[in-house]
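Chemist: Have a look at this one.
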Amino acid sequence: MVLAICIENSNLILCGTSHHRKLFQSYLRTELEGTADEYAISIRSILDLHGLSGSNIEGVILSSVVPPLASVVKQAVKKLTKANILVVGPGIKTGLNLRIENPAQLGADRVCNAVAALKKYPAPIMVVDMNTTTTVSVLNEKKMFIGGCIIPGVSSSLEALCTTAAQLPQISIEERMP
């Protein structure tokens, strides 16, 4: 099994895959003060929930947009498995051709999203990821990452509107089923 961990501002997303098949996907709240031991316990609990253990892990891919947590979560994973840990960051070979001014500033989340999108869809393509922030990434017909933007996420935008516009009521965001 390969364990993919995406550290985001609000959540850690853990996904176990084997032979191109998703085994599980789980979420942990991002805790900036969390220790390696606390994260190890949480990750082990998630593995346990799915009938898995650290010995099932053959490799780990770690992506983070929260730099202080990357090393903490990496330490946590090392407590659970002896598998190699690949950290997505500047210099990693993804096959993605970055045509932006400073490629080292591109977030690991956007790199992963672009690589995954190109695996599944033909270029040109625009990738929109809606989390704490909303990121838009653009890949041209030659599969080159040519730019994009980062804007406040839906919840952040709603909170800002409701706290700064006197006549806008606070509303909740919820999925509506047809």
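Ligands are numbered from 1 in the order shown, residues from 1 within each chain, and chains are lettered A, B, ... in the order they appear in the structure tokens.
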Report as CSV the residues of region 61-134 of chain A within 7 Å of region 144-163 of chain A, each with its shortest atom pair and distance in Å (one decimal), using only C-alpha atoms, ordered by chain and increasing residue number.

Modeler:
residue,atom,partner,partner_atom,distance
A:Leu96,CA,A:Met144,CA,6.7
A:Asn97,CA,A:Met144,CA,4.9
A:Leu98,CA,A:Phe145,CA,4.8
A:Arg99,CA,A:Ile146,CA,5.0
A:Ile100,CA,A:Ile146,CA,5.8
A:Met130,CA,A:Gly153,CA,6.2
A:Asn131,CA,A:Gly153,CA,5.8
A:Thr132,CA,A:Gly153,CA,4.9
A:Thr133,CA,A:Gly153,CA,3.9
A:Thr134,CA,A:Gly153,CA,4.8

Chemist: So that I can check the secondary structure, give me every residue of region 19-172 of chain A assigned strand (DSSP E or B) by backbone DSSP, as a ChimeraX atom specification.

Modeler: /A:21-29,59-64,84-87,97-98,125-130,133-139,144-152

Chemist: Could you please take those selected residues and save N, CA and C atoms as a CSV table (one decimal), in the first residue's frame?

Modeler:
chain,number,residue,atom,x,y,z
A,21,ARG,N,-6.0,1.3,-6.7
A,21,ARG,CA,-7.3,1.3,-6.1
A,21,ARG,C,-7.3,1.9,-4.8
A,22,LYS,N,-8.2,2.9,-4.5
A,22,LYS,CA,-8.3,3.5,-3.3
A,22,LYS,C,-8.8,2.6,-2.2
A,23,LEU,N,-8.0,2.4,-1.1
A,23,LEU,CA,-8.5,1.6,0.0
A,23,LEU,C,-9.2,2.4,1.0
A,24,PHE,N,-8.8,3.6,1.3
A,24,PHE,CA,-9.5,4.5,2.2
A,24,PHE,C,-9.1,5.9,2.0
A,25,GLN,N,-9.9,6.8,2.5
A,25,GLN,CA,-9.6,8.3,2.5
A,25,GLN,C,-10.1,8.8,3.8
A,26,SER,N,-9.3,9.4,4.6
A,26,SER,CA,-9.7,9.9,5.9
A,26,SER,C,-9.1,11.3,6.2
A,27,TYR,N,-9.7,12.0,7.1
A,27,TYR,CA,-9.3,13.3,7.4
A,27,TYR,C,-9.0,13.5,8.9
A,28,LEU,N,-7.9,14.3,9.2
A,28,LEU,CA,-7.6,14.7,10.5
A,28,LEU,C,-7.6,16.2,10.5
A,29,ARG,N,-7.9,16.8,11.6
A,29,ARG,CA,-7.9,18.3,11.8
A,29,ARG,C,-6.4,18.7,11.9
A,59,GLY,N,5.2,2.6,0.8
A,59,GLY,CA,5.8,3.9,0.5
A,59,GLY,C,4.8,5.0,1.0
A,60,VAL,N,5.4,6.1,1.2
A,60,VAL,CA,4.6,7.3,1.6
A,60,VAL,C,4.9,8.5,0.8
A,61,ILE,N,3.9,9.2,0.4
A,61,ILE,CA,4.0,10.5,-0.3
A,61,ILE,C,3.4,11.5,0.6
A,62,LEU,N,4.3,12.5,0.9
A,62,LEU,CA,3.8,13.6,1.8
A,62,LEU,C,3.9,14.9,1.1
A,63,SER,N,2.7,15.6,1.1
A,63,SER,CA,2.6,17.0,0.5
A,63,SER,C,2.1,17.9,1.6
A,64,SER,N,2.7,19.1,1.7
A,64,SER,CA,2.3,20.0,2.8
A,64,SER,C,2.3,21.5,2.3
A,84,ASN,N,9.9,4.1,2.7
A,84,ASN,CA,10.5,5.4,2.2
A,84,ASN,C,9.4,6.5,2.1
A,85,ILE,N,9.8,7.7,2.5
A,85,ILE,CA,8.9,8.8,2.5
A,85,ILE,C,9.3,9.8,1.4
A,86,LEU,N,8.5,10.0,0.5
A,86,LEU,CA,8.8,11.0,-0.6
A,86,LEU,C,8.1,12.3,-0.3
A,87,VAL,N,8.8,13.4,-0.1
A,87,VAL,CA,8.2,14.7,0.3
A,87,VAL,C,8.1,15.5,-1.0
A,97,ASN,N,6.1,20.3,-16.2
A,97,ASN,CA,6.9,21.4,-16.7
A,97,ASN,C,6.4,22.7,-16.2
A,98,LEU,N,7.1,23.3,-15.3
A,98,LEU,CA,6.6,24.6,-14.6
A,98,LEU,C,7.1,25.8,-15.4
A,125,ILE,N,-6.0,22.3,-19.4
A,125,ILE,CA,-6.9,22.0,-18.3
A,125,ILE,C,-6.7,23.1,-17.2
A,126,MET,N,-7.8,23.4,-16.5
A,126,MET,CA,-7.8,24.3,-15.4
A,126,MET,C,-8.2,23.5,-14.2
A,127,VAL,N,-7.4,23.5,-13.1
A,127,VAL,CA,-7.7,22.7,-11.9
A,127,VAL,C,-8.1,23.7,-10.8
A,128,VAL,N,-9.3,23.5,-10.2
A,128,VAL,CA,-9.8,24.3,-9.1
A,128,VAL,C,-9.9,23.5,-7.9
A,129,ASP,N,-9.2,23.9,-6.8
A,129,ASP,CA,-9.2,23.2,-5.5
A,129,ASP,C,-9.8,24.1,-4.5
A,130,MET,N,-10.9,23.7,-3.9
A,130,MET,CA,-11.6,24.5,-3.0
A,130,MET,C,-11.5,24.0,-1.6
A,133,THR,N,-8.3,27.9,1.2
A,133,THR,CA,-8.2,28.8,0.1
A,133,THR,C,-8.7,28.1,-1.2
A,134,THR,N,-9.0,28.9,-2.2
A,134,THR,CA,-9.4,28.3,-3.5
A,134,THR,C,-8.2,28.6,-4.4
A,135,THR,N,-7.6,27.5,-5.0
A,135,THR,CA,-6.5,27.7,-5.9
A,135,THR,C,-7.0,27.3,-7.3
A,136,VAL,N,-6.5,28.1,-8.3
A,136,VAL,CA,-6.8,27.8,-9.7
A,136,VAL,C,-5.5,27.6,-10.3
A,137,SER,N,-5.3,26.5,-11.0
A,137,SER,CA,-4.0,26.2,-11.7
A,137,SER,C,-4.3,26.0,-13.2
A,138,VAL,N,-3.5,26.5,-14.1
A,138,VAL,CA,-3.8,26.4,-15.5
A,138,VAL,C,-2.6,25.7,-16.2
A,139,LEU,N,-3.0,24.6,-16.9
A,139,LEU,CA,-2.0,23.9,-17.7
A,139,LEU,C,-2.4,24.0,-19.2
A,144,MET,N,2.1,22.2,-19.8
A,144,MET,CA,2.9,23.1,-19.0
A,144,MET,C,2.1,23.8,-18.0
A,145,PHE,N,2.6,23.9,-16.8
A,145,PHE,CA,1.9,24.7,-15.7
A,145,PHE,C,2.3,26.1,-16.0
A,146,ILE,N,1.3,27.0,-16.4
A,146,ILE,CA,1.6,28.3,-16.9
A,146,ILE,C,1.1,29.4,-15.9
A,147,GLY,N,0.4,29.0,-14.8
A,147,GLY,CA,0.0,30.0,-13.9
A,147,GLY,C,-1.3,29.7,-13.2
A,148,GLY,N,-1.9,30.7,-12.5
A,148,GLY,CA,-3.1,30.5,-11.8
A,148,GLY,C,-3.2,31.5,-10.7
A,149,CYS,N,-4.1,31.3,-9.7
A,149,CYS,CA,-4.2,32.2,-8.6
A,149,CYS,C,-4.7,31.5,-7.4
A,150,ILE,N,-4.5,32.3,-6.3
A,150,ILE,CA,-5.0,31.8,-5.0
A,150,ILE,C,-5.9,32.9,-4.4
A,151,ILE,N,-7.1,32.5,-4.1
A,151,ILE,CA,-8.1,33.4,-3.5
A,151,ILE,C,-8.7,32.8,-2.2
A,152,PRO,N,-9.3,33.6,-1.4
A,152,PRO,CA,-9.9,33.1,-0.2
A,152,PRO,C,-10.9,32.0,-0.5

Chemist: Mind checking DSSP for chain A and telling me the alpha helix (DSSP H) residues as number ranges by chain?

Modeler: A: 36-49, 67-80, 108-120, 154-164

Chemist: Export C-alpha atoms of the chosen residues as a tab-separated table (two decimals), in the first residue's frame?

Modeler:
chain	number	residue	atom	x	y	z
A	36	ALA	CA	4.87	13.62	16.24
A	37	ASP	CA	3.54	11.19	18.85
A	38	GLU	CA	0.03	12.65	18.67
A	39	TYR	CA	-0.01	12.48	14.89
A	40	ALA	CA	1.40	8.92	14.98
A	41	ILE	CA	-1.42	7.85	17.30
A	42	SER	CA	-4.03	9.46	15.05
A	43	ILE	CA	-2.60	7.94	11.87
A	44	ARG	CA	-2.31	4.50	13.52
A	45	SER	CA	-5.95	4.79	14.64
A	46	ILE	CA	-7.04	5.52	11.08
A	47	LEU	CA	-5.06	2.54	9.79
A	48	ASP	CA	-6.64	0.38	12.51
A	49	LEU	CA	-10.13	1.54	11.48
A	67	PRO	CA	5.74	23.97	6.49
A	68	PRO	CA	6.08	23.57	10.28
A	69	LEU	CA	3.97	20.40	10.19
A	70	ALA	CA	5.78	18.60	7.38
A	71	SER	CA	8.68	17.46	9.56
A	72	VAL	CA	6.36	16.62	12.49
A	73	VAL	CA	4.13	14.40	10.34
A	74	LYS	CA	7.19	12.85	8.69
A	75	GLN	CA	8.51	11.92	12.16
A	76	ALA	CA	5.08	10.49	13.03
A	77	VAL	CA	5.06	8.31	9.91
A	78	LYS	CA	8.60	7.08	10.69
A	79	LYS	CA	7.30	5.82	14.04
A	80	LEU	CA	4.76	3.65	12.19
A	108	ALA	CA	3.03	21.15	-3.16
A	109	ASP	CA	-0.78	20.88	-3.22
A	110	ARG	CA	-0.94	22.59	-6.61
A	111	VAL	CA	1.85	20.39	-8.00
A	112	CYS	CA	0.02	17.24	-6.86
A	113	ASN	CA	-3.31	18.48	-8.20
A	114	ALA	CA	-1.79	19.31	-11.60
A	115	VAL	CA	-0.01	15.94	-11.91
A	116	ALA	CA	-3.19	14.09	-10.91
A	117	ALA	CA	-5.33	16.11	-13.33
A	118	LEU	CA	-2.98	15.36	-16.23
A	119	LYS	CA	-3.17	11.65	-15.41
A	120	LYS	CA	-6.94	11.72	-15.69
A	154	VAL	CA	-15.69	29.82	0.37
A	155	SER	CA	-15.87	29.71	4.18
A	156	SER	CA	-13.24	32.46	4.57
A	157	SER	CA	-15.06	34.66	2.06
A	158	LEU	CA	-18.42	34.11	3.70
A	159	GLU	CA	-17.04	34.89	7.14
A	160	ALA	CA	-15.42	38.10	5.87
A	161	LEU	CA	-18.65	39.21	4.18
A	162	CYS	CA	-20.80	38.54	7.23
A	163	THR	CA	-18.46	40.30	9.65
A	164	THR	CA	-17.82	43.38	7.52

Chemist: I want to know what sits within 9 Å of Pro90 (chain A), based on only C-alpha atoms, with residues of the same chain fewer than 3 positions away left out; could you give that as a ChimeraX atom specification?

Modeler: /A:93,103-106,108
